[in-house]
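Text of the file entry.txt, holding compact mmCIF, C-alpha atoms:
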```txt
# COMPACT_ATOMS: atom_id res chain seq x y z
CA MET A 1 -0.83 10.41 -43.61
CA ARG A 2 -0.31 6.66 -43.87
CA GLU A 3 1.05 5.55 -47.22
CA ILE A 4 -0.87 3.08 -49.35
CA THR A 5 1.64 0.60 -50.73
CA GLU A 6 1.49 -2.85 -52.27
CA SER A 7 3.13 -4.25 -49.15
CA SER A 8 0.56 -2.63 -46.86
CA ILE A 9 -2.25 -3.99 -49.04
CA GLN A 10 -0.70 -7.45 -48.92
CA GLU A 11 -0.36 -7.22 -45.14
CA VAL A 12 -3.98 -6.32 -44.47
CA THR A 13 -5.13 -8.93 -47.01
CA GLY A 14 -3.13 -11.57 -45.17
CA LYS A 15 -4.46 -10.45 -41.80
CA ALA A 16 -8.03 -10.52 -43.13
CA LEU A 17 -7.50 -14.14 -44.15
CA ILE A 18 -6.26 -15.01 -40.67
CA ILE A 19 -9.22 -13.20 -39.14
CA ARG A 20 -11.67 -15.13 -41.33
CA GLN A 21 -10.01 -18.44 -40.50
CA ASP A 22 -10.18 -17.68 -36.79
CA ILE A 23 -13.84 -16.66 -37.09
CA ILE A 24 -14.67 -20.05 -38.61
CA LYS A 25 -12.61 -21.99 -36.08
CA MET A 26 -13.93 -20.23 -32.98
CA LEU A 27 -17.57 -20.30 -34.06
CA GLY A 28 -17.33 -23.94 -35.07
CA LYS A 29 -15.97 -24.77 -31.65
CA ALA A 30 -18.46 -22.55 -29.82
CA GLY A 31 -21.49 -23.95 -31.63
CA SER A 32 -23.30 -20.63 -31.43
CA GLY A 33 -22.73 -17.10 -32.61
CA HIS A 34 -22.87 -14.88 -35.68
CA THR A 35 -20.91 -16.02 -38.71
CA GLY A 36 -22.10 -14.17 -41.82
CA GLY A 37 -21.73 -10.59 -40.61
CA SER A 38 -18.39 -11.33 -38.97
CA LEU A 39 -16.95 -12.61 -42.24
CA SER A 40 -18.32 -9.68 -44.24
CA ALA A 41 -16.53 -7.17 -42.01
CA ALA A 42 -13.09 -8.81 -41.93
CA ASP A 43 -11.44 -6.64 -44.60
CA ILE A 44 -12.66 -3.41 -42.98
CA VAL A 45 -11.49 -4.48 -39.53
CA SER A 46 -8.14 -5.67 -40.89
CA CYS A 47 -7.47 -2.29 -42.54
CA LEU A 48 -8.34 -0.48 -39.33
CA TYR A 49 -6.21 -2.60 -36.99
CA PHE A 50 -3.23 -3.25 -39.25
CA TRP A 51 -2.96 -0.04 -41.25
CA GLU A 52 -5.06 2.82 -39.98
CA MET A 53 -5.40 3.07 -36.23
CA ASN A 54 -2.88 4.47 -33.75
CA ILE A 55 -3.01 1.73 -31.10
CA ASP A 56 -0.59 -0.21 -28.92
CA PRO A 57 -1.64 -3.60 -27.50
CA GLN A 58 0.94 -3.14 -24.75
CA LYS A 59 -0.77 0.10 -23.69
CA PRO A 60 -4.47 -0.57 -24.34
CA ARG A 61 -5.66 2.40 -22.28
CA GLN A 62 -3.24 5.10 -23.37
CA GLU A 63 -5.16 8.37 -23.60
CA ASP A 64 -4.33 9.29 -27.18
CA ARG A 65 -5.09 5.90 -28.71
CA ASP A 66 -7.57 5.70 -31.56
CA ARG A 67 -10.86 4.03 -30.65
CA PHE A 68 -12.88 1.38 -32.48
CA VAL A 69 -16.50 0.69 -31.55
CA LEU A 70 -18.21 -2.41 -32.91
CA SER A 71 -21.73 -1.00 -33.03
CA LYS A 72 -23.06 -4.28 -34.45
CA GLY A 73 -21.87 -6.04 -31.33
CA HIS A 74 -23.17 -9.47 -32.33
CA ALA A 75 -20.28 -9.63 -34.83
CA ALA A 76 -17.90 -9.92 -31.87
CA PRO A 77 -15.89 -12.77 -33.48
CA VAL A 78 -14.39 -10.41 -36.06
CA LEU A 79 -13.29 -8.05 -33.30
CA TYR A 80 -11.88 -10.82 -31.11
CA ALA A 81 -9.96 -12.30 -34.04
CA ALA A 82 -8.45 -8.89 -34.87
CA LEU A 83 -7.51 -8.20 -31.25
CA ALA A 84 -5.82 -11.59 -30.93
CA ALA A 85 -3.95 -11.11 -34.22
CA LYS A 86 -2.82 -7.67 -33.04
CA GLY A 87 -1.52 -9.08 -29.76
CA TYR A 88 -4.03 -7.87 -27.18
CA PHE A 89 -4.40 -11.41 -25.84
CA PRO A 90 -3.16 -14.91 -26.80
CA GLY A 91 -4.79 -16.49 -29.83
CA GLU A 92 -5.55 -19.61 -27.82
CA GLU A 93 -8.16 -17.63 -25.93
CA LEU A 94 -10.34 -17.60 -29.08
CA GLU A 95 -11.10 -21.28 -28.47
CA ARG A 96 -13.05 -20.27 -25.36
CA LEU A 97 -15.55 -18.10 -27.25
CA ARG A 98 -18.94 -18.15 -25.48
CA LYS A 99 -17.72 -20.62 -22.87
CA LEU A 100 -18.71 -20.23 -19.22
CA GLY A 101 -16.15 -18.02 -17.50
CA SER A 102 -14.52 -16.84 -20.73
CA PRO A 103 -14.05 -13.10 -21.23
CA LEU A 104 -14.99 -13.62 -24.89
CA GLN A 105 -18.75 -13.63 -24.67
CA GLY A 106 -21.33 -13.34 -27.45
CA HIS A 107 -21.13 -9.56 -27.26
CA PRO A 108 -17.94 -7.65 -26.38
CA ASP A 109 -17.37 -6.64 -22.76
CA MET A 110 -15.03 -3.69 -22.23
CA ARG A 111 -14.52 -4.67 -18.60
CA LYS A 112 -13.04 -8.05 -19.45
CA VAL A 113 -11.36 -7.87 -22.87
CA PRO A 114 -8.34 -5.62 -23.46
CA GLY A 115 -8.79 -3.46 -26.53
CA VAL A 116 -12.59 -3.44 -26.41
CA GLU A 117 -13.69 0.19 -26.12
CA ALA A 118 -17.44 -0.28 -25.60
CA SER A 119 -19.75 -3.06 -24.44
CA THR A 120 -22.09 -3.27 -27.39
CA GLY A 121 -24.93 -5.47 -28.56
CA SER A 122 -28.05 -3.35 -28.21
CA LEU A 123 -28.22 -2.10 -31.77
CA GLY A 124 -27.82 1.63 -32.28
CA GLN A 125 -26.00 2.26 -29.03
CA GLY A 126 -22.49 1.67 -30.37
CA ILE A 127 -22.56 4.58 -32.80
CA SER A 128 -23.87 6.73 -29.95
CA TRP A 129 -20.88 5.68 -27.84
CA ALA A 130 -18.60 6.58 -30.75
CA VAL A 131 -20.13 10.04 -31.11
CA GLY A 132 -19.60 10.64 -27.41
CA MET A 133 -15.97 9.52 -27.61
CA ALA A 134 -15.30 11.77 -30.59
CA LEU A 135 -16.97 14.72 -28.89
CA ALA A 136 -14.91 14.12 -25.74
CA GLY A 137 -11.77 14.12 -27.86
CA LYS A 138 -12.70 17.50 -29.29
CA MET A 139 -13.54 18.95 -25.88
CA ASP A 140 -10.27 17.68 -24.41
CA SER A 141 -8.19 18.82 -27.43
CA ARG A 142 -7.02 15.26 -28.07
CA ASP A 143 -5.75 14.03 -31.43
CA TYR A 144 -7.28 10.58 -31.35
CA ARG A 145 -9.79 9.39 -33.92
CA VAL A 146 -12.87 7.23 -33.46
CA TYR A 147 -14.11 4.53 -35.81
CA ALA A 148 -17.44 2.72 -35.64
CA LEU A 149 -18.79 -0.24 -37.59
CA LEU A 150 -22.54 -0.53 -38.09
CA GLY A 151 -24.68 -3.20 -39.71
CA ASP A 152 -27.20 -2.25 -42.36
CA GLY A 153 -29.99 -3.97 -40.44
CA GLU A 154 -28.90 -1.95 -37.42
CA ILE A 155 -29.58 1.37 -39.10
CA GLU A 156 -33.29 0.60 -38.98
CA GLU A 157 -32.95 1.78 -35.36
CA GLY A 158 -33.98 5.41 -34.87
CA LEU A 159 -31.24 5.93 -32.28
CA VAL A 160 -28.67 5.65 -35.07
CA TRP A 161 -29.99 8.73 -36.84
CA GLU A 162 -30.07 10.79 -33.66
CA ALA A 163 -26.38 9.99 -33.23
CA LEU A 164 -25.61 10.88 -36.84
CA MET A 165 -27.41 14.20 -36.44
CA ALA A 166 -25.40 15.00 -33.30
CA ALA A 167 -22.11 14.12 -35.00
CA HIS A 168 -22.79 16.59 -37.78
CA HIS A 169 -24.00 19.26 -35.36
CA TYR A 170 -20.76 19.06 -33.38
CA ARG A 171 -18.61 18.93 -36.54
CA LEU A 172 -16.90 15.69 -35.49
CA ASP A 173 -14.31 15.32 -38.23
CA ASN A 174 -12.46 12.88 -35.95
CA LEU A 175 -15.26 10.32 -36.42
CA VAL A 176 -15.61 7.71 -39.17
CA ALA A 177 -18.57 5.34 -39.42
CA PHE A 178 -18.35 2.25 -41.61
CA LEU A 179 -21.56 0.63 -42.76
CA ASP A 180 -21.20 -3.11 -43.44
CA HIS A 181 -23.67 -2.99 -46.31
CA ASN A 182 -24.23 -6.67 -47.05
CA GLY A 183 -27.98 -6.31 -47.61
CA LEU A 184 -29.07 -9.05 -45.21
CA GLN A 185 -30.19 -9.25 -41.60
CA ILE A 186 -31.45 -12.10 -39.44
CA ASP A 187 -34.97 -12.00 -40.92
CA GLY A 188 -33.90 -11.68 -44.56
CA PRO A 189 -33.04 -8.92 -47.04
CA ILE A 190 -33.02 -5.50 -45.43
CA CYS A 191 -35.17 -4.09 -48.23
CA GLU A 192 -37.92 -6.56 -47.35
CA VAL A 193 -37.71 -6.28 -43.56
CA MET A 194 -37.54 -2.47 -43.21
CA SER A 195 -35.70 -0.81 -46.07
CA PRO A 196 -33.18 1.87 -45.07
CA GLU A 197 -32.42 2.68 -48.71
CA PRO A 198 -31.18 4.89 -50.23
CA VAL A 199 -28.53 4.61 -47.55
CA ALA A 200 -25.86 6.94 -48.98
CA ASP A 201 -28.40 9.69 -49.64
CA LYS A 202 -29.61 9.47 -46.06
CA PHE A 203 -26.10 9.82 -44.60
CA ARG A 204 -25.46 12.80 -46.88
CA ALA A 205 -28.75 14.38 -45.83
CA PHE A 206 -27.55 14.17 -42.23
CA GLY A 207 -24.47 16.19 -43.16
CA TRP A 208 -21.86 13.47 -43.36
CA GLN A 209 -19.20 13.22 -46.03
CA THR A 210 -20.31 9.93 -47.59
CA LEU A 211 -18.20 7.55 -49.65
CA VAL A 212 -19.38 4.33 -51.30
CA ILE A 213 -16.77 1.61 -51.77
CA ASP A 214 -16.18 -2.10 -52.28
CA GLY A 215 -15.81 -3.27 -48.69
CA HIS A 216 -13.61 -6.20 -49.73
CA ASP A 217 -11.04 -4.10 -51.61
CA PRO A 218 -8.25 -3.00 -49.21
CA ARG A 219 -7.09 -0.23 -51.52
CA GLN A 220 -10.56 1.32 -51.66
CA ILE A 221 -10.91 1.03 -47.88
CA MET A 222 -7.55 2.71 -47.36
CA GLU A 223 -8.32 5.47 -49.85
CA ALA A 224 -11.61 6.16 -48.10
CA LEU A 225 -9.86 6.33 -44.73
CA ALA A 226 -7.29 8.73 -46.18
CA ALA A 227 -10.11 10.92 -47.51
CA ALA A 228 -11.71 10.91 -44.06
CA ARG A 229 -8.46 12.06 -42.47
CA SER A 230 -8.20 15.00 -44.85
CA THR A 231 -11.81 16.10 -44.34
CA LYS A 232 -12.38 18.91 -41.86
CA GLY A 233 -15.56 20.12 -40.22
CA ARG A 234 -17.77 17.06 -40.58
CA PRO A 235 -17.73 13.31 -39.94
CA THR A 236 -17.26 10.71 -42.66
CA ALA A 237 -19.46 7.73 -43.48
CA ILE A 238 -18.01 4.91 -45.55
CA ILE A 239 -20.72 2.75 -47.11
CA ALA A 240 -18.89 -0.52 -47.70
CA ASP A 241 -20.68 -2.86 -50.07
CA THR A 242 -19.95 -6.35 -48.78
CA VAL A 243 -21.02 -9.98 -49.06
CA LYS A 244 -22.45 -11.70 -46.02
CA GLY A 245 -20.42 -14.84 -45.35
CA LYS A 246 -17.59 -13.60 -47.59
CA GLY A 247 -15.02 -16.27 -48.43
CA CYS A 248 -17.18 -19.33 -47.85
CA SER A 249 -19.23 -20.26 -50.91
CA PHE A 250 -22.04 -22.01 -49.06
CA MET A 251 -22.50 -19.03 -46.72
CA GLU A 252 -22.27 -16.13 -49.14
CA ASN A 253 -25.39 -13.99 -49.55
CA ARG A 254 -27.48 -16.30 -47.39
CA ALA A 255 -29.42 -14.73 -44.53
CA GLU A 256 -29.62 -18.02 -42.61
CA TRP A 257 -25.90 -17.68 -41.84
CA HIS A 258 -26.52 -14.50 -39.88
CA GLY A 259 -26.71 -16.38 -36.59
CA THR A 260 -25.78 -19.94 -37.62
CA THR A 261 -22.44 -21.63 -36.97
CA PRO A 262 -20.68 -24.30 -39.05
CA ASN A 263 -20.50 -27.93 -38.03
CA GLU A 264 -17.26 -29.90 -38.19
CA GLU A 265 -17.62 -30.76 -41.87
CA GLN A 266 -18.55 -27.19 -42.78
CA VAL A 267 -15.59 -25.84 -40.80
CA ALA A 268 -13.26 -28.04 -42.87
CA GLN A 269 -14.87 -26.91 -46.14
CA ALA A 270 -14.79 -23.23 -45.16
CA LEU A 271 -11.12 -23.35 -44.15
CA ALA A 272 -10.21 -25.16 -47.37
CA GLU A 273 -11.98 -22.49 -49.43
CA LEU A 274 -10.37 -19.64 -47.51
CA ILE A 275 -6.90 -21.08 -47.97
CA GLY A 276 -7.69 -21.55 -51.66
```
Using structure tokens, write down the structure from this file.
Amino acid sequence: MREITESSIQEVTGKALIIRQDIIKMLGKAGSGHTGGSLSAADIVSCLYFWEMNIDPQKPRQEDRDRFVLSKGHAAPVLYAALAAKGYFPGEELERLRKLGSPLQGHPDMRKVPGVEASTGSLGQGISWAVGMALAGKMDSRDYRVYALLGDGEIEEGLVWEALMAAHHYRLDNLVAFLDHNGLQIDGPICEVMSPEPVADKFRAFGWQTLVIDGHDPRQIMEALAAARSTKGRPTAIIADTVKGKGCSFMENRAEWHGTTPNEEQVAQALAELIG
């Protein structure tokens, strides 16, 4: 079991800051993409890549590696920033986000980007990929674990609940699903568009161990991951309460930043706020 220490918390906090800065820089340069939901997920992704997962950027296809599936594939910038920070590819590549010929497209492509486990973007399909990977691990007697990150607008898709039902049926205790519960989607508040609430009760009803945490508190994220590792016989859902656009005051809790990118002046303001 990985130890939760002050130094490990400081490390993932520092990496989350770098990830957020890179998200702002790459999206500002690209001029298109998804800002708010990338920023809200940075602390979760940082804990996974820099504390939790058994991965090696020098051996991105080793059989016993842990797997991460970005089910809300439009938040690709948070994944690309984490992969670059981890050493899967040079950080300079982030400047080519969404450019013609770049491997870093608007949704992740597993054929072109080392470290990407699934080509996602069609909402609901990523968690289904993750269930399949976890089931394959069980069938092959492998020790790897699978992690998925969903958006709360995404769980309006019926396919998600079919996948959750299958994960419980097959007792996939090697599977953890994070829900980036920021309460907003492209059309507005989730409760006004098509409310999935009460979210935690629904996950529990589908047989998952369900934990509700502050998705910006590294210690709570780590403790939830530790609880998932010690749970046997069923998958774990971690409902992470987050803030869309976290870290940038003019973006926080504003649905219009779901698919909007900052201009040059806004990039400067966002980076200044993140640095503090």
Selection near Leu184 in chain A, 12 Å with all atoms listed in the file, sequence-local residues under 6 positions removed, as a VMD selection string: chain A and resid 36 to 37 40 151 to 154 190 to 196 241 to 245 252 to 259
What are the nearest atom pairs, with distances in Å to one decimal, for all residues of range 56-135 of chain A that come at most 12 Å from range 11-23 of chain A, using only C-alpha atoms, set out by chain and rising residue number as a tab-separated table?
```
residue	atom	partner	partner_atom	distance
A:Ala75	CA	A:Ile23	CA	9.8
A:Ala76	CA	A:Ile23	CA	9.4
A:Pro77	CA	A:Ile23	CA	5.7
A:Val78	CA	A:Ile23	CA	6.4
A:Leu79	CA	A:Ile19	CA	8.8
A:Tyr80	CA	A:Ile23	CA	8.6
A:Ala81	CA	A:Ile19	CA	5.2
A:Ala82	CA	A:Ile19	CA	6.1
A:Leu83	CA	A:Ile19	CA	9.5
A:Ala84	CA	A:Ile19	CA	9.0
A:Ala85	CA	A:Ile19	CA	7.5
A:Lys86	CA	A:Lys15	CA	9.3
A:Gly91	CA	A:Asp22	CA	8.9
A:Glu92	CA	A:Asp22	CA	10.3
A:Glu93	CA	A:Asp22	CA	11.0
A:Leu94	CA	A:Asp22	CA	7.7
A:Glu95	CA	A:Asp22	CA	9.1
A:Leu97	CA	A:Ile23	CA	10.1
```
Residue nearest Asp214 in chain A - candidates A:His181, A:Arg229, A:Arg65, A:Arg234, atoms counted: all atoms listed in the file: A:His181
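Between CA of Ile24 in chain A and CA of Ile4 in chain A lies a distance of 29.0 Å.
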For Tyr49 in chain A, which of A:Ser8, A:Thr35, A:Ser102, A:Ser71 is the closest residue, counting only C-alpha atoms? A:Ser8
To one decimal place, how far is CA of Gln269 in chain A from CA of Asp43 in chain A in Å?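 CA of Gln269 in chain A sits 20.6 Å away from CA of Asp43 in chain A.
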Counting all atoms listed in the file, write as a PyMOL selection string all protein and nucleic acid residues lying at most 9 Å from (-14.1, -21.0, -49.2) in the file's frame. chain A and resi 246-251+269-276
In Å, with one decimal, what is the gap from CA of Ile221 in chain A to CA of Gln62 in chain A?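 Computed distance, CA of Ile221 in chain A to CA of Gln62 in chain A, equals 26.0 Å.
You can rank A:Gly73, A:Gly188, A:Pro198, A:Gly28 by their closest distance to Glu117 in chain A using all atoms listed in the file, and at the top of that list sits A:Gly73.
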Tell me which of A:Pro218, A:Gly106, A:Gly158, A:Gly87 sits closest to Pro57 in chain A, counting all atoms listed in the file.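 Ranking A:Pro218, A:Gly106, A:Gly158, A:Gly87 by distance to Pro57 in chain A, first place goes to A:Gly87.
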Step by step, gather every atom of range 46-54 of chain A that the file lists, find the box along x, y and z that holds them, add 3 Å on each side, and finally give centre and edge lengths in Å to one decimal, as lines of an AutoDock Vina configuration file.
```
center_x = -5.6
center_y = -0.6
center_z = -38.1
size_x = 11.5
size_y = 16.1
size_z = 14.8
```
Selection: 10 Å around Ala166 in chain A, only C-alpha atoms, excl. self and same-chain fewer than 6 positions, as a ChimeraX atom specification: /A:128,131-132,135,172,206-207
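In terms of minimum interatomic distance to Asp143 in chain A, A:Leu175 ranks closest within A:Ala200, A:Leu175, A:Leu159, A:Met165, counting all atoms listed in the file.
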So, with all atoms listed in the file as the atoms that count, which of A:Trp51, A:Phe203, A:Phe68, A:Trp208 lies closest to Trp129 in chain A?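 Distance minimum relative to Trp129 in chain A lands on A:Phe68.
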Give me, as JSON, numbers by chain, all polymer residues having an atom no more than 8 Å from Val116 in chain A, counting all atoms listed in the file and skipping those fewer than 6 positions away in the same chain. {"A": [68, 69, 108, 109, 110]}
Please rebuild range 167-186 of chain A with N, CA and C atoms and return the result as a PDB file, keeping the file's coordinate frame.
```pdb
ATOM      1  N   ALA A 167     -23.483  14.087 -34.492  1.00  0.00           N
ATOM      2  CA  ALA A 167     -22.110  14.120 -35.000  1.00  0.00           C
ATOM      3  C   ALA A 167     -21.902  15.251 -35.992  1.00  0.00           C
ATOM      4  N   HIS A 168     -22.885  15.480 -36.839  1.00  0.00           N
ATOM      5  CA  HIS A 168     -22.790  16.590 -37.780  1.00  0.00           C
ATOM      6  C   HIS A 168     -22.888  17.928 -37.048  1.00  0.00           C
ATOM      7  N   HIS A 169     -23.807  18.008 -36.101  1.00  0.00           N
ATOM      8  CA  HIS A 169     -24.000  19.260 -35.360  1.00  0.00           C
ATOM      9  C   HIS A 169     -22.705  19.704 -34.671  1.00  0.00           C
ATOM     10  N   TYR A 170     -21.980  18.742 -34.104  1.00  0.00           N
ATOM     11  CA  TYR A 170     -20.760  19.060 -33.380  1.00  0.00           C
ATOM     12  C   TYR A 170     -19.505  18.998 -34.264  1.00  0.00           C
ATOM     13  N   ARG A 171     -19.707  18.853 -35.565  1.00  0.00           N
ATOM     14  CA  ARG A 171     -18.610  18.930 -36.540  1.00  0.00           C
ATOM     15  C   ARG A 171     -17.473  17.932 -36.189  1.00  0.00           C
ATOM     16  N   LEU A 172     -17.858  16.691 -35.971  1.00  0.00           N
ATOM     17  CA  LEU A 172     -16.900  15.690 -35.490  1.00  0.00           C
ATOM     18  C   LEU A 172     -16.119  15.074 -36.651  1.00  0.00           C
ATOM     19  N   ASP A 173     -15.135  15.814 -37.119  1.00  0.00           N
ATOM     20  CA  ASP A 173     -14.310  15.320 -38.230  1.00  0.00           C
ATOM     21  C   ASP A 173     -13.292  14.280 -37.773  1.00  0.00           C
ATOM     22  N   ASN A 174     -13.295  13.958 -36.480  1.00  0.00           N
ATOM     23  CA  ASN A 174     -12.460  12.880 -35.950  1.00  0.00           C
ATOM     24  C   ASN A 174     -13.228  11.572 -35.849  1.00  0.00           C
ATOM     25  N   LEU A 175     -14.390  11.498 -36.484  1.00  0.00           N
ATOM     26  CA  LEU A 175     -15.260  10.320 -36.420  1.00  0.00           C
ATOM     27  C   LEU A 175     -15.493   9.742 -37.809  1.00  0.00           C
ATOM     28  N   VAL A 176     -15.334   8.425 -37.928  1.00  0.00           N
ATOM     29  CA  VAL A 176     -15.610   7.710 -39.170  1.00  0.00           C
ATOM     30  C   VAL A 176     -16.552   6.552 -38.844  1.00  0.00           C
ATOM     31  N   ALA A 177     -17.635   6.454 -39.586  1.00  0.00           N
ATOM     32  CA  ALA A 177     -18.570   5.340 -39.420  1.00  0.00           C
ATOM     33  C   ALA A 177     -18.567   4.488 -40.684  1.00  0.00           C
ATOM     34  N   PHE A 178     -18.233   3.216 -40.520  1.00  0.00           N
ATOM     35  CA  PHE A 178     -18.350   2.250 -41.610  1.00  0.00           C
ATOM     36  C   PHE A 178     -19.724   1.597 -41.532  1.00  0.00           C
ATOM     37  N   LEU A 179     -20.348   1.414 -42.678  1.00  0.00           N
ATOM     38  CA  LEU A 179     -21.560   0.630 -42.760  1.00  0.00           C
ATOM     39  C   LEU A 179     -21.246  -0.668 -43.507  1.00  0.00           C
ATOM     40  N   ASP A 180     -21.395  -1.797 -42.820  1.00  0.00           N
ATOM     41  CA  ASP A 180     -21.200  -3.110 -43.440  1.00  0.00           C
ATOM     42  C   ASP A 180     -22.468  -3.416 -44.233  1.00  0.00           C
ATOM     43  N   HIS A 181     -22.466  -2.988 -45.477  1.00  0.00           N
ATOM     44  CA  HIS A 181     -23.670  -2.990 -46.310  1.00  0.00           C
ATOM     45  C   HIS A 181     -23.763  -4.292 -47.099  1.00  0.00           C
ATOM     46  N   ASN A 182     -24.132  -5.374 -46.379  1.00  0.00           N
ATOM     47  CA  ASN A 182     -24.230  -6.670 -47.050  1.00  0.00           C
ATOM     48  C   ASN A 182     -25.651  -7.023 -47.465  1.00  0.00           C
ATOM     49  N   GLY A 183     -26.617  -6.174 -47.114  1.00  0.00           N
ATOM     50  CA  GLY A 183     -27.980  -6.310 -47.610  1.00  0.00           C
ATOM     51  C   GLY A 183     -28.844  -7.337 -46.926  1.00  0.00           C
ATOM     52  N   LEU A 184     -28.309  -7.997 -45.886  1.00  0.00           N
ATOM     53  CA  LEU A 184     -29.070  -9.050 -45.210  1.00  0.00           C
ATOM     54  C   LEU A 184     -29.045  -8.848 -43.696  1.00  0.00           C
ATOM     55  N   GLN A 185     -30.127  -9.218 -43.052  1.00  0.00           N
ATOM     56  CA  GLN A 185     -30.190  -9.250 -41.600  1.00  0.00           C
ATOM     57  C   GLN A 185     -30.835 -10.565 -41.183  1.00  0.00           C
ATOM     58  N   ILE A 186     -31.036 -10.774 -39.909  1.00  0.00           N
ATOM     59  CA  ILE A 186     -31.450 -12.100 -39.440  1.00  0.00           C
ATOM     60  C   ILE A 186     -32.773 -12.565 -40.065  1.00  0.00           C
TER      61      ILE A 186
END
```
